[in-house]
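Only one structure is covered here, and it is reproduced in the block below.
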Amino acid sequence: MDRAGLEARFEAAKRIAHKAALFLLSHEDLRSEISEKAENDYVTSADKECERLIIDEISSEFPDDGIHGEESGDSSHGMERKWIIDPIDGTVDFMASFPDYTISIAFQDEDGLALGVVMVPRQNEEFSALRGGGAFLNGKPIHTDEKTPLGETLAILVPPHRHHSLLHAYMERMERFYSFVSDMRSLGSAAISLCYVASGRCSVYYEIGLHIYDIAAGAVILTEAGGCLSLVEKEGDWIEVAASSRKAHGKLLETING
């Protein structure tokens, strides 16, 4: 897609993400309207209504683009140009009134993922990136932390809460992380985790059991901020994600692989 088309979609994504954030902040009472999609995998009425708002806005401006939403599914029918949407990444955080839930909006074209916007409503933080244009937090450039000694940094490590059969192997890897980082966190949103590495708040992020809508926007932001991202597709239609600063990536992969 030409640059003008991408830039138009980038501005639209940021505008729509802010509109969705205002919707969620004014409808947090919907967090109590919960149904279970699969084991330990929940959806609220807010997820569905927020996704509907985002899709309606996109479709009115770009009716020829495909859509892949977490709640509504992939209706792009193999189209290369499509939006990838997670209306609430961190639904359990939203349900519990934790502040780390996000809105994740990405767009891909013939050349792959092209832009990403991750909005953190409770913190009024907008992470964004357009392919080839750098990454930003509330309009200011961000970069991964390539200077701080790894022993002084944080790792974001998220146990496989939807894949309990994988927990033992994951915990063994978690123990090995203490050989090179100061401490660990688990935030509940893949999108915000990728953005925290992109902005230098953490040095590494590792999680298994994810899907493309969880990571698409954050992946663009991380790579545009200078970070490294390794994705491995696994049986069962899920993705293993290893993200870090350039400085930490070799150590991250070494730790995962034992």
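Going by the structure tokens order, chains are called A, B, ..., each with residues numbered from 1, while ligands are numbered from 1 in the order shown.
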Where in region 10-254 of chain A does DSSP assign alpha helix (DSSP H), given as a PDB file with N, CA and C atoms, in the first residue's frame?
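Once everything was written out, this is part-v1.pdb:
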ATOM      1  N   PHE A  10      -3.246   5.077   9.832  1.00  0.00           N
ATOM      2  CA  PHE A  10      -2.562   5.292  11.110  1.00  0.00           C
ATOM      3  C   PHE A  10      -3.283   6.358  11.924  1.00  0.00           C
ATOM      4  N   GLU A  11      -3.605   7.457  11.298  1.00  0.00           N
ATOM      5  CA  GLU A  11      -4.320   8.523  12.007  1.00  0.00           C
ATOM      6  C   GLU A  11      -5.704   8.050  12.439  1.00  0.00           C
ATOM      7  N   ALA A  12      -6.358   7.278  11.573  1.00  0.00           N
ATOM      8  CA  ALA A  12      -7.677   6.748  11.924  1.00  0.00           C
ATOM      9  C   ALA A  12      -7.582   5.789  13.105  1.00  0.00           C
ATOM     10  N   ALA A  13      -6.559   4.931  13.108  1.00  0.00           N
ATOM     11  CA  ALA A  13      -6.402   3.959  14.195  1.00  0.00           C
ATOM     12  C   ALA A  13      -6.226   4.667  15.539  1.00  0.00           C
ATOM     13  N   LYS A  14      -5.444   5.723  15.563  1.00  0.00           N
ATOM     14  CA  LYS A  14      -5.243   6.456  16.811  1.00  0.00           C
ATOM     15  C   LYS A  14      -6.539   7.120  17.267  1.00  0.00           C
ATOM     16  N   ARG A  15      -7.243   7.709  16.329  1.00  0.00           N
ATOM     17  CA  ARG A  15      -8.504   8.368  16.670  1.00  0.00           C
ATOM     18  C   ARG A  15      -9.539   7.358  17.193  1.00  0.00           C
ATOM     19  N   ILE A  16      -9.616   6.224  16.534  1.00  0.00           N
ATOM     20  CA  ILE A  16     -10.586   5.193  16.934  1.00  0.00           C
ATOM     21  C   ILE A  16     -10.205   4.589  18.279  1.00  0.00           C
ATOM     22  N   ALA A  17      -8.913   4.391  18.510  1.00  0.00           N
ATOM     23  CA  ALA A  17      -8.467   3.840  19.794  1.00  0.00           C
ATOM     24  C   ALA A  17      -8.846   4.758  20.948  1.00  0.00           C
ATOM     25  N   HIS A  18      -8.724   6.072  20.749  1.00  0.00           N
ATOM     26  CA  HIS A  18      -9.119   7.013  21.795  1.00  0.00           C
ATOM     27  C   HIS A  18     -10.626   6.975  22.026  1.00  0.00           C
ATOM     28  N   LYS A  19     -11.378   6.839  20.961  1.00  0.00           N
ATOM     29  CA  LYS A  19     -12.838   6.765  21.096  1.00  0.00           C
ATOM     30  C   LYS A  19     -13.228   5.498  21.851  1.00  0.00           C
ATOM     31  N   ALA A  20     -12.565   4.393  21.523  1.00  0.00           N
ATOM     32  CA  ALA A  20     -12.834   3.129  22.222  1.00  0.00           C
ATOM     33  C   ALA A  20     -12.450   3.228  23.696  1.00  0.00           C
ATOM     34  N   ALA A  21     -11.351   3.926  23.991  1.00  0.00           N
ATOM     35  CA  ALA A  21     -10.919   4.088  25.380  1.00  0.00           C
ATOM     36  C   ALA A  21     -11.959   4.854  26.190  1.00  0.00           C
ATOM     37  N   LEU A  22     -12.500   5.918  25.610  1.00  0.00           N
ATOM     38  CA  LEU A  22     -13.537   6.685  26.297  1.00  0.00           C
ATOM     39  C   LEU A  22     -14.772   5.822  26.538  1.00  0.00           C
ATOM     40  N   PHE A  23     -15.086   4.964  25.571  1.00  0.00           N
ATOM     41  CA  PHE A  23     -16.225   4.064  25.735  1.00  0.00           C
ATOM     42  C   PHE A  23     -15.997   3.127  26.924  1.00  0.00           C
ATOM     43  N   LEU A  24     -14.819   2.503  26.987  1.00  0.00           N
ATOM     44  CA  LEU A  24     -14.558   1.559  28.073  1.00  0.00           C
ATOM     45  C   LEU A  24     -14.532   2.252  29.436  1.00  0.00           C
ATOM     46  N   LEU A  25     -13.929   3.426  29.493  1.00  0.00           N
ATOM     47  CA  LEU A  25     -13.859   4.133  30.768  1.00  0.00           C
ATOM     48  C   LEU A  25     -15.247   4.507  31.281  1.00  0.00           C
ATOM     49  N   SER A  26     -16.174   4.727  30.389  1.00  0.00           N
ATOM     50  CA  SER A  26     -17.533   5.098  30.798  1.00  0.00           C
ATOM     51  C   SER A  26     -18.477   3.903  30.892  1.00  0.00           C
ATOM     52  N   SER A  45     -19.421  -8.161  28.162  1.00  0.00           N
ATOM     53  CA  SER A  45     -20.233  -7.388  27.218  1.00  0.00           C
ATOM     54  C   SER A  45     -19.438  -6.211  26.673  1.00  0.00           C
ATOM     55  N   ALA A  46     -18.515  -5.693  27.472  1.00  0.00           N
ATOM     56  CA  ALA A  46     -17.697  -4.562  27.030  1.00  0.00           C
ATOM     57  C   ALA A  46     -16.795  -4.961  25.869  1.00  0.00           C
ATOM     58  N   ASP A  47     -16.213  -6.181  25.913  1.00  0.00           N
ATOM     59  CA  ASP A  47     -15.393  -6.657  24.799  1.00  0.00           C
ATOM     60  C   ASP A  47     -16.187  -6.588  23.494  1.00  0.00           C
ATOM     61  N   LYS A  48     -17.385  -7.129  23.533  1.00  0.00           N
ATOM     62  CA  LYS A  48     -18.196  -7.228  22.316  1.00  0.00           C
ATOM     63  C   LYS A  48     -18.632  -5.853  21.820  1.00  0.00           C
ATOM     64  N   GLU A  49     -19.069  -5.006  22.738  1.00  0.00           N
ATOM     65  CA  GLU A  49     -19.542  -3.690  22.324  1.00  0.00           C
ATOM     66  C   GLU A  49     -18.398  -2.797  21.855  1.00  0.00           C
ATOM     67  N   CYS A  50     -17.242  -2.913  22.518  1.00  0.00           N
ATOM     68  CA  CYS A  50     -16.088  -2.118  22.095  1.00  0.00           C
ATOM     69  C   CYS A  50     -15.605  -2.560  20.716  1.00  0.00           C
ATOM     70  N   GLU A  51     -15.565  -3.875  20.485  1.00  0.00           N
ATOM     71  CA  GLU A  51     -15.154  -4.343  19.155  1.00  0.00           C
ATOM     72  C   GLU A  51     -16.132  -3.874  18.088  1.00  0.00           C
ATOM     73  N   ARG A  52     -17.418  -3.898  18.393  1.00  0.00           N
ATOM     74  CA  ARG A  52     -18.413  -3.430  17.429  1.00  0.00           C
ATOM     75  C   ARG A  52     -18.186  -1.958  17.095  1.00  0.00           C
ATOM     76  N   LEU A  53     -17.877  -1.159  18.109  1.00  0.00           N
ATOM     77  CA  LEU A  53     -17.597   0.270  17.882  1.00  0.00           C
ATOM     78  C   LEU A  53     -16.397   0.431  16.956  1.00  0.00           C
ATOM     79  N   ILE A  54     -15.308  -0.286  17.240  1.00  0.00           N
ATOM     80  CA  ILE A  54     -14.090  -0.167  16.433  1.00  0.00           C
ATOM     81  C   ILE A  54     -14.339  -0.595  14.995  1.00  0.00           C
ATOM     82  N   ILE A  55     -15.017  -1.721  14.814  1.00  0.00           N
ATOM     83  CA  ILE A  55     -15.284  -2.220  13.464  1.00  0.00           C
ATOM     84  C   ILE A  55     -16.184  -1.261  12.692  1.00  0.00           C
ATOM     85  N   ASP A  56     -17.199  -0.723  13.354  1.00  0.00           N
ATOM     86  CA  ASP A  56     -18.089   0.230  12.672  1.00  0.00           C
ATOM     87  C   ASP A  56     -17.319   1.461  12.197  1.00  0.00           C
ATOM     88  N   GLU A  57     -16.421   1.947  13.041  1.00  0.00           N
ATOM     89  CA  GLU A  57     -15.633   3.124  12.663  1.00  0.00           C
ATOM     90  C   GLU A  57     -14.714   2.818  11.485  1.00  0.00           C
ATOM     91  N   ILE A  58     -14.034   1.678  11.540  1.00  0.00           N
ATOM     92  CA  ILE A  58     -13.121   1.309  10.453  1.00  0.00           C
ATOM     93  C   ILE A  58     -13.882   1.083   9.156  1.00  0.00           C
ATOM     94  N   SER A  59     -14.986   0.363   9.244  1.00  0.00           N
ATOM     95  CA  SER A  59     -15.741   0.019   8.039  1.00  0.00           C
ATOM     96  C   SER A  59     -16.332   1.247   7.364  1.00  0.00           C
ATOM     97  N   SER A  60     -16.664   2.256   8.146  1.00  0.00           N
ATOM     98  CA  SER A  60     -17.226   3.472   7.548  1.00  0.00           C
ATOM     99  C   SER A  60     -16.173   4.259   6.780  1.00  0.00           C
ATOM    100  N   GLU A  61     -14.900   4.169   7.222  1.00  0.00           N
ATOM    101  CA  GLU A  61     -13.828   4.909   6.561  1.00  0.00           C
ATOM    102  C   GLU A  61     -13.109   4.091   5.493  1.00  0.00           C
ATOM    103  N   THR A  91      -8.659  -9.007  29.388  1.00  0.00           N
ATOM    104  CA  THR A  91     -10.049  -8.994  29.846  1.00  0.00           C
ATOM    105  C   THR A  91     -10.165  -9.286  31.335  1.00  0.00           C
ATOM    106  N   VAL A  92      -9.351 -10.210  31.852  1.00  0.00           N
ATOM    107  CA  VAL A  92      -9.413 -10.510  33.283  1.00  0.00           C
ATOM    108  C   VAL A  92      -8.999  -9.291  34.107  1.00  0.00           C
ATOM    109  N   ASP A  93      -8.021  -8.529  33.631  1.00  0.00           N
ATOM    110  CA  ASP A  93      -7.672  -7.269  34.288  1.00  0.00           C
ATOM    111  C   ASP A  93      -8.884  -6.336  34.313  1.00  0.00           C
ATOM    112  N   PHE A  94      -9.555  -6.223  33.176  1.00  0.00           N
ATOM    113  CA  PHE A  94     -10.738  -5.365  33.075  1.00  0.00           C
ATOM    114  C   PHE A  94     -11.813  -5.837  34.049  1.00  0.00           C
ATOM    115  N   MET A  95     -12.041  -7.154  34.104  1.00  0.00           N
ATOM    116  CA  MET A  95     -13.042  -7.723  35.007  1.00  0.00           C
ATOM    117  C   MET A  95     -12.739  -7.399  36.468  1.00  0.00           C
ATOM    118  N   LEU A 167       2.342 -25.658  32.174  1.00  0.00           N
ATOM    119  CA  LEU A 167       2.816 -24.839  33.290  1.00  0.00           C
ATOM    120  C   LEU A 167       4.156 -25.315  33.852  1.00  0.00           C
ATOM    121  N   HIS A 168       4.342 -26.629  34.016  1.00  0.00           N
ATOM    122  CA  HIS A 168       5.568 -27.132  34.631  1.00  0.00           C
ATOM    123  C   HIS A 168       6.797 -26.720  33.819  1.00  0.00           C
ATOM    124  N   ALA A 169       6.749 -26.939  32.499  1.00  0.00           N
ATOM    125  CA  ALA A 169       7.882 -26.577  31.646  1.00  0.00           C
ATOM    126  C   ALA A 169       8.124 -25.079  31.674  1.00  0.00           C
ATOM    127  N   TYR A 170       7.042 -24.300  31.722  1.00  0.00           N
ATOM    128  CA  TYR A 170       7.186 -22.849  31.750  1.00  0.00           C
ATOM    129  C   TYR A 170       7.858 -22.400  33.048  1.00  0.00           C
ATOM    130  N   MET A 171       7.468 -22.987  34.171  1.00  0.00           N
ATOM    131  CA  MET A 171       8.039 -22.564  35.450  1.00  0.00           C
ATOM    132  C   MET A 171       9.530 -22.870  35.531  1.00  0.00           C
ATOM    133  N   GLU A 172       9.957 -23.948  34.892  1.00  0.00           N
ATOM    134  CA  GLU A 172      11.392 -24.238  34.850  1.00  0.00           C
ATOM    135  C   GLU A 172      12.134 -23.135  34.110  1.00  0.00           C
ATOM    136  N   ARG A 173      11.555 -22.631  33.036  1.00  0.00           N
ATOM    137  CA  ARG A 173      12.181 -21.525  32.303  1.00  0.00           C
ATOM    138  C   ARG A 173      12.185 -20.255  33.153  1.00  0.00           C
ATOM    139  N   MET A 174      11.093 -20.008  33.869  1.00  0.00           N
ATOM    140  CA  MET A 174      11.030 -18.816  34.711  1.00  0.00           C
ATOM    141  C   MET A 174      12.170 -18.798  35.721  1.00  0.00           C
ATOM    142  N   GLU A 175      12.484 -19.930  36.300  1.00  0.00           N
ATOM    143  CA  GLU A 175      13.577 -19.985  37.258  1.00  0.00           C
ATOM    144  C   GLU A 175      14.891 -19.572  36.623  1.00  0.00           C
ATOM    145  N   ARG A 176      15.090 -19.977  35.381  1.00  0.00           N
ATOM    146  CA  ARG A 176      16.351 -19.650  34.705  1.00  0.00           C
ATOM    147  C   ARG A 176      16.478 -18.155  34.418  1.00  0.00           C
ATOM    148  N   PHE A 177      15.355 -17.453  34.315  1.00  0.00           N
ATOM    149  CA  PHE A 177      15.417 -16.017  34.036  1.00  0.00           C
ATOM    150  C   PHE A 177      16.097 -15.245  35.162  1.00  0.00           C
ATOM    151  N   ALA A 190      -0.776  -8.909  26.579  1.00  0.00           N
ATOM    152  CA  ALA A 190       0.382  -9.065  25.703  1.00  0.00           C
ATOM    153  C   ALA A 190       0.741  -7.742  25.041  1.00  0.00           C
ATOM    154  N   ALA A 191      -0.273  -6.984  24.670  1.00  0.00           N
ATOM    155  CA  ALA A 191      -0.031  -5.710  23.988  1.00  0.00           C
ATOM    156  C   ALA A 191       0.768  -4.752  24.870  1.00  0.00           C
ATOM    157  N   ILE A 192       0.356  -4.598  26.122  1.00  0.00           N
ATOM    158  CA  ILE A 192       1.081  -3.678  26.992  1.00  0.00           C
ATOM    159  C   ILE A 192       2.468  -4.222  27.321  1.00  0.00           C
ATOM    160  N   SER A 193       2.610  -5.539  27.387  1.00  0.00           N
ATOM    161  CA  SER A 193       3.921  -6.135  27.665  1.00  0.00           C
ATOM    162  C   SER A 193       4.904  -5.809  26.552  1.00  0.00           C
ATOM    163  N   LEU A 194       4.485  -5.957  25.308  1.00  0.00           N
ATOM    164  CA  LEU A 194       5.342  -5.611  24.172  1.00  0.00           C
ATOM    165  C   LEU A 194       5.692  -4.126  24.186  1.00  0.00           C
ATOM    166  N   CYS A 195       4.717  -3.290  24.541  1.00  0.00           N
ATOM    167  CA  CYS A 195       4.968  -1.846  24.573  1.00  0.00           C
ATOM    168  C   CYS A 195       5.907  -1.453  25.704  1.00  0.00           C
ATOM    169  N   TYR A 196       5.857  -2.170  26.820  1.00  0.00           N
ATOM    170  CA  TYR A 196       6.753  -1.865  27.919  1.00  0.00           C
ATOM    171  C   TYR A 196       8.198  -2.215  27.577  1.00  0.00           C
ATOM    172  N   VAL A 197       8.392  -3.261  26.791  1.00  0.00           N
ATOM    173  CA  VAL A 197       9.743  -3.542  26.297  1.00  0.00           C
ATOM    174  C   VAL A 197      10.150  -2.466  25.289  1.00  0.00           C
ATOM    175  N   ALA A 198       9.220  -2.096  24.407  1.00  0.00           N
ATOM    176  CA  ALA A 198       9.515  -1.081  23.392  1.00  0.00           C
ATOM    177  C   ALA A 198       9.929   0.246  24.010  1.00  0.00           C
ATOM    178  N   ILE A 212      -2.739 -14.029  17.162  1.00  0.00           N
ATOM    179  CA  ILE A 212      -2.251 -12.876  16.405  1.00  0.00           C
ATOM    180  C   ILE A 212      -2.891 -11.573  16.879  1.00  0.00           C
ATOM    181  N   TYR A 213      -4.164 -11.591  17.256  1.00  0.00           N
ATOM    182  CA  TYR A 213      -4.800 -10.348  17.683  1.00  0.00           C
ATOM    183  C   TYR A 213      -4.222  -9.841  19.005  1.00  0.00           C
ATOM    184  N   ASP A 214      -3.622 -10.742  19.807  1.00  0.00           N
ATOM    185  CA  ASP A 214      -2.989 -10.311  21.058  1.00  0.00           C
ATOM    186  C   ASP A 214      -1.730  -9.484  20.803  1.00  0.00           C
ATOM    187  N   ILE A 215      -1.029  -9.789  19.734  1.00  0.00           N
ATOM    188  CA  ILE A 215       0.343  -9.276  19.585  1.00  0.00           C
ATOM    189  C   ILE A 215       0.579  -8.403  18.360  1.00  0.00           C
ATOM    190  N   ALA A 216      -0.376  -8.331  17.435  1.00  0.00           N
ATOM    191  CA  ALA A 216      -0.106  -7.665  16.149  1.00  0.00           C
ATOM    192  C   ALA A 216       0.321  -6.211  16.322  1.00  0.00           C
ATOM    193  N   ALA A 217      -0.457  -5.424  17.040  1.00  0.00           N
ATOM    194  CA  ALA A 217      -0.125  -4.001  17.196  1.00  0.00           C
ATOM    195  C   ALA A 217       1.162  -3.825  17.981  1.00  0.00           C
ATOM    196  N   GLY A 218       1.306  -4.560  19.077  1.00  0.00           N
ATOM    197  CA  GLY A 218       2.507  -4.451  19.890  1.00  0.00           C
ATOM    198  C   GLY A 218       3.759  -4.871  19.153  1.00  0.00           C
ATOM    199  N   ALA A 219       3.616  -5.834  18.238  1.00  0.00           N
ATOM    200  CA  ALA A 219       4.774  -6.291  17.464  1.00  0.00           C
ATOM    201  C   ALA A 219       5.336  -5.169  16.609  1.00  0.00           C
ATOM    202  N   VAL A 220       4.460  -4.386  15.980  1.00  0.00           N
ATOM    203  CA  VAL A 220       4.916  -3.264  15.157  1.00  0.00           C
ATOM    204  C   VAL A 220       5.613  -2.227  16.028  1.00  0.00           C
ATOM    205  N   ILE A 221       5.017  -1.937  17.169  1.00  0.00           N
ATOM    206  CA  ILE A 221       5.584  -0.930  18.065  1.00  0.00           C
ATOM    207  C   ILE A 221       6.953  -1.360  18.571  1.00  0.00           C
ATOM    208  N   LEU A 222       7.071  -2.624  18.959  1.00  0.00           N
ATOM    209  CA  LEU A 222       8.358  -3.116  19.464  1.00  0.00           C
ATOM    210  C   LEU A 222       9.449  -3.036  18.400  1.00  0.00           C
ATOM    211  N   THR A 223       9.174  -3.527  17.217  1.00  0.00           N
ATOM    212  CA  THR A 223      10.213  -3.550  16.186  1.00  0.00           C
ATOM    213  C   THR A 223      10.584  -2.142  15.734  1.00  0.00           C
ATOM    214  N   GLU A 224       9.597  -1.250  15.675  1.00  0.00           N
ATOM    215  CA  GLU A 224       9.907   0.132  15.305  1.00  0.00           C
ATOM    216  C   GLU A 224      10.685   0.856  16.404  1.00  0.00           C
ATOM    217  N   ARG A 246      17.557  -5.405  21.789  1.00  0.00           N
ATOM    218  CA  ARG A 246      18.569  -6.116  20.986  1.00  0.00           C
ATOM    219  C   ARG A 246      19.630  -6.729  21.915  1.00  0.00           C
ATOM    220  N   LYS A 247      19.997  -5.969  22.927  1.00  0.00           N
ATOM    221  CA  LYS A 247      21.038  -6.401  23.859  1.00  0.00           C
ATOM    222  C   LYS A 247      20.677  -7.706  24.566  1.00  0.00           C
ATOM    223  N   ALA A 248      19.392  -7.905  24.858  1.00  0.00           N
ATOM    224  CA  ALA A 248      18.970  -9.039  25.675  1.00  0.00           C
ATOM    225  C   ALA A 248      18.513 -10.247  24.871  1.00  0.00           C
ATOM    226  N   HIS A 249      18.400 -10.124  23.545  1.00  0.00           N
ATOM    227  CA  HIS A 249      17.686 -11.171  22.812  1.00  0.00           C
ATOM    228  C   HIS A 249      18.421 -12.509  22.805  1.00  0.00           C
ATOM    229  N   GLY A 250      19.710 -12.475  22.640  1.00  0.00           N
ATOM    230  CA  GLY A 250      20.454 -13.727  22.658  1.00  0.00           C
ATOM    231  C   GLY A 250      20.306 -14.453  23.978  1.00  0.00           C
ATOM    232  N   LYS A 251      20.403 -13.714  25.076  1.00  0.00           N
ATOM    233  CA  LYS A 251      20.246 -14.306  26.410  1.00  0.00           C
ATOM    234  C   LYS A 251      18.826 -14.810  26.622  1.00  0.00           C
ATOM    235  N   LEU A 252      17.852 -14.084  26.105  1.00  0.00           N
ATOM    236  CA  LEU A 252      16.452 -14.509  26.211  1.00  0.00           C
ATOM    237  C   LEU A 252      16.236 -15.862  25.538  1.00  0.00           C
ATOM    238  N   LEU A 253      16.692 -15.999  24.302  1.00  0.00           N
ATOM    239  CA  LEU A 253      16.498 -17.258  23.567  1.00  0.00           C
ATOM    240  C   LEU A 253      17.279 -18.397  24.218  1.00  0.00           C
ATOM    241  N   GLU A 254      18.468 -18.095  24.690  1.00  0.00           N
ATOM    242  CA  GLU A 254      19.277 -19.112  25.373  1.00  0.00           C
ATOM    243  C   GLU A 254      18.566 -19.618  26.626  1.00  0.00           C
TER     244      GLU A 254
END
inquiry  = Can you tell me which residues surround Glu80 (chain A) at a distance of at most 9 Å, considering only C-alpha atoms, apart from same-chain residues fewer than 3 positions away, and format the answer as a list of chain:residue names?
reply    = A:Asp65, A:Gly66, A:Ser76, A:Gln108, A:Asp109, A:Glu110, A:Asp111, A:Gly112
Let's have the selection written as a PDB file, in the first residue's frame, with N, CA and C atoms.
ATOM      1  N   ASP A  65     -11.436  -2.758   3.317  1.00  0.00           N
ATOM      2  CA  ASP A  65     -10.444  -3.471   4.117  1.00  0.00           C
ATOM      3  C   ASP A  65     -11.082  -4.653   4.835  1.00  0.00           C
ATOM      4  N   GLY A  66     -10.315  -5.729   5.018  1.00  0.00           N
ATOM      5  CA  GLY A  66     -10.777  -6.861   5.789  1.00  0.00           C
ATOM      6  C   GLY A  66     -10.676  -6.593   7.280  1.00  0.00           C
ATOM      7  N   SER A  76     -11.978 -11.544   6.763  1.00  0.00           N
ATOM      8  CA  SER A  76     -11.217 -10.960   5.654  1.00  0.00           C
ATOM      9  C   SER A  76     -11.123 -11.890   4.450  1.00  0.00           C
ATOM     10  N   GLN A 108      -2.470  -4.680   8.522  1.00  0.00           N
ATOM     11  CA  GLN A 108      -1.455  -5.299   7.681  1.00  0.00           C
ATOM     12  C   GLN A 108      -1.818  -5.124   6.217  1.00  0.00           C
ATOM     13  N   ASP A 109      -0.768  -5.043   5.376  1.00  0.00           N
ATOM     14  CA  ASP A 109      -0.970  -4.943   3.934  1.00  0.00           C
ATOM     15  C   ASP A 109      -0.163  -6.031   3.243  1.00  0.00           C
ATOM     16  N   GLU A 110       0.115  -5.842   1.972  1.00  0.00           N
ATOM     17  CA  GLU A 110       0.813  -6.857   1.198  1.00  0.00           C
ATOM     18  C   GLU A 110       2.218  -7.147   1.728  1.00  0.00           C
ATOM     19  N   ASP A 111       2.784  -6.219   2.458  1.00  0.00           N
ATOM     20  CA  ASP A 111       4.140  -6.382   2.983  1.00  0.00           C
ATOM     21  C   ASP A 111       4.175  -6.785   4.455  1.00  0.00           C
ATOM     22  N   GLY A 112       3.033  -7.138   5.028  1.00  0.00           N
ATOM     23  CA  GLY A 112       2.982  -7.567   6.414  1.00  0.00           C
ATOM     24  C   GLY A 112       2.400  -6.510   7.337  1.00  0.00           C
TER      25      GLY A 112
END
key: Filtered DSSP result for region 7-102 of chain A, state strand (DSSP E), as a ChimeraX atom specification   = /A:34-38,41-44,66-69,73-74,82-89,102
inquiry  = For a test of reading the model, state the distance in Å between CA of Tyr101 (chain A) and CA of Gly188 (chain A), rounded to one decimal.
reply    =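 So the two atoms, CA of Tyr101 (chain A) and CA of Gly188 (chain A), lie 7.4 Å apart.
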Need the shell around Phe107 (chain A): protein/DNA/RNA residues with any atom at most 8 Å away, counting only C-alpha atoms. Skip same-chain ones fewer than 2 positions apart. Format as a PDB file with C-alpha atoms, in the first residue's frame?
ATOM      1  CA  ARG A   9      -5.113   4.463   8.398  1.00  0.00           C
ATOM      2  CA  ARG A  81      -5.151  -5.760   3.609  1.00  0.00           C
ATOM      3  CA  LYS A  82      -6.915  -6.194   6.918  1.00  0.00           C
ATOM      4  CA  TRP A  83      -7.287  -4.803  10.413  1.00  0.00           C
ATOM      5  CA  ILE A  84      -6.447  -6.978  13.411  1.00  0.00           C
ATOM      6  CA  ILE A 105      -5.519  -2.103  16.742  1.00  0.00           C
ATOM      7  CA  ASP A 109      -0.970  -4.943   3.934  1.00  0.00           C
ATOM      8  CA  LEU A 113       2.122  -5.708   9.594  1.00  0.00           C
ATOM      9  CA  ALA A 114       2.166  -2.013   8.814  1.00  0.00           C
ATOM     10  CA  LEU A 115       0.939  -0.119  11.865  1.00  0.00           C
ATOM     11  CA  GLY A 116      -0.068  -0.616  15.448  1.00  0.00           C
ATOM     12  CA  ALA A 217      -0.125  -4.001  17.196  1.00  0.00           C
TER      13      ALA A 217
END
note = Residue with the minimum atom-to-atom distance to Phe127 (chain A), picked from A:His143, A:Ala243, A:His164, A:Pro63 with only C-alpha atoms counted, is A:His143
inquiry  = Taking 5 positions as the minimum chain separation for residues in the same chain, which residues sit within 7 Å of Ile142 (chain A) when counting only C-alpha atoms? Answer as a list of chain:residue names.
reply    = A:Ala135, A:Phe136, A:Leu137, A:Ala198, A:Ser199, A:Ala225
message = Let me make sure I understand: among A:Ile85, A:Ala8, A:Ile156, A:Ile34, which one has the smallest atom-to-atom distance to Phe62 (chain A) if we use only C-alpha atoms?
response =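 Of all the options, A:Ala8 lies closest to Phe62 (chain A).
Using only C-alpha atoms, the protein and nucleic acid residues lying no more than 6 Å from Ser203 (chain A), apart from those fewer than 6 places from it along its own chain, are Thr153, Leu154, Ala155, Val197, Ser244 and Ser245 of chain A.
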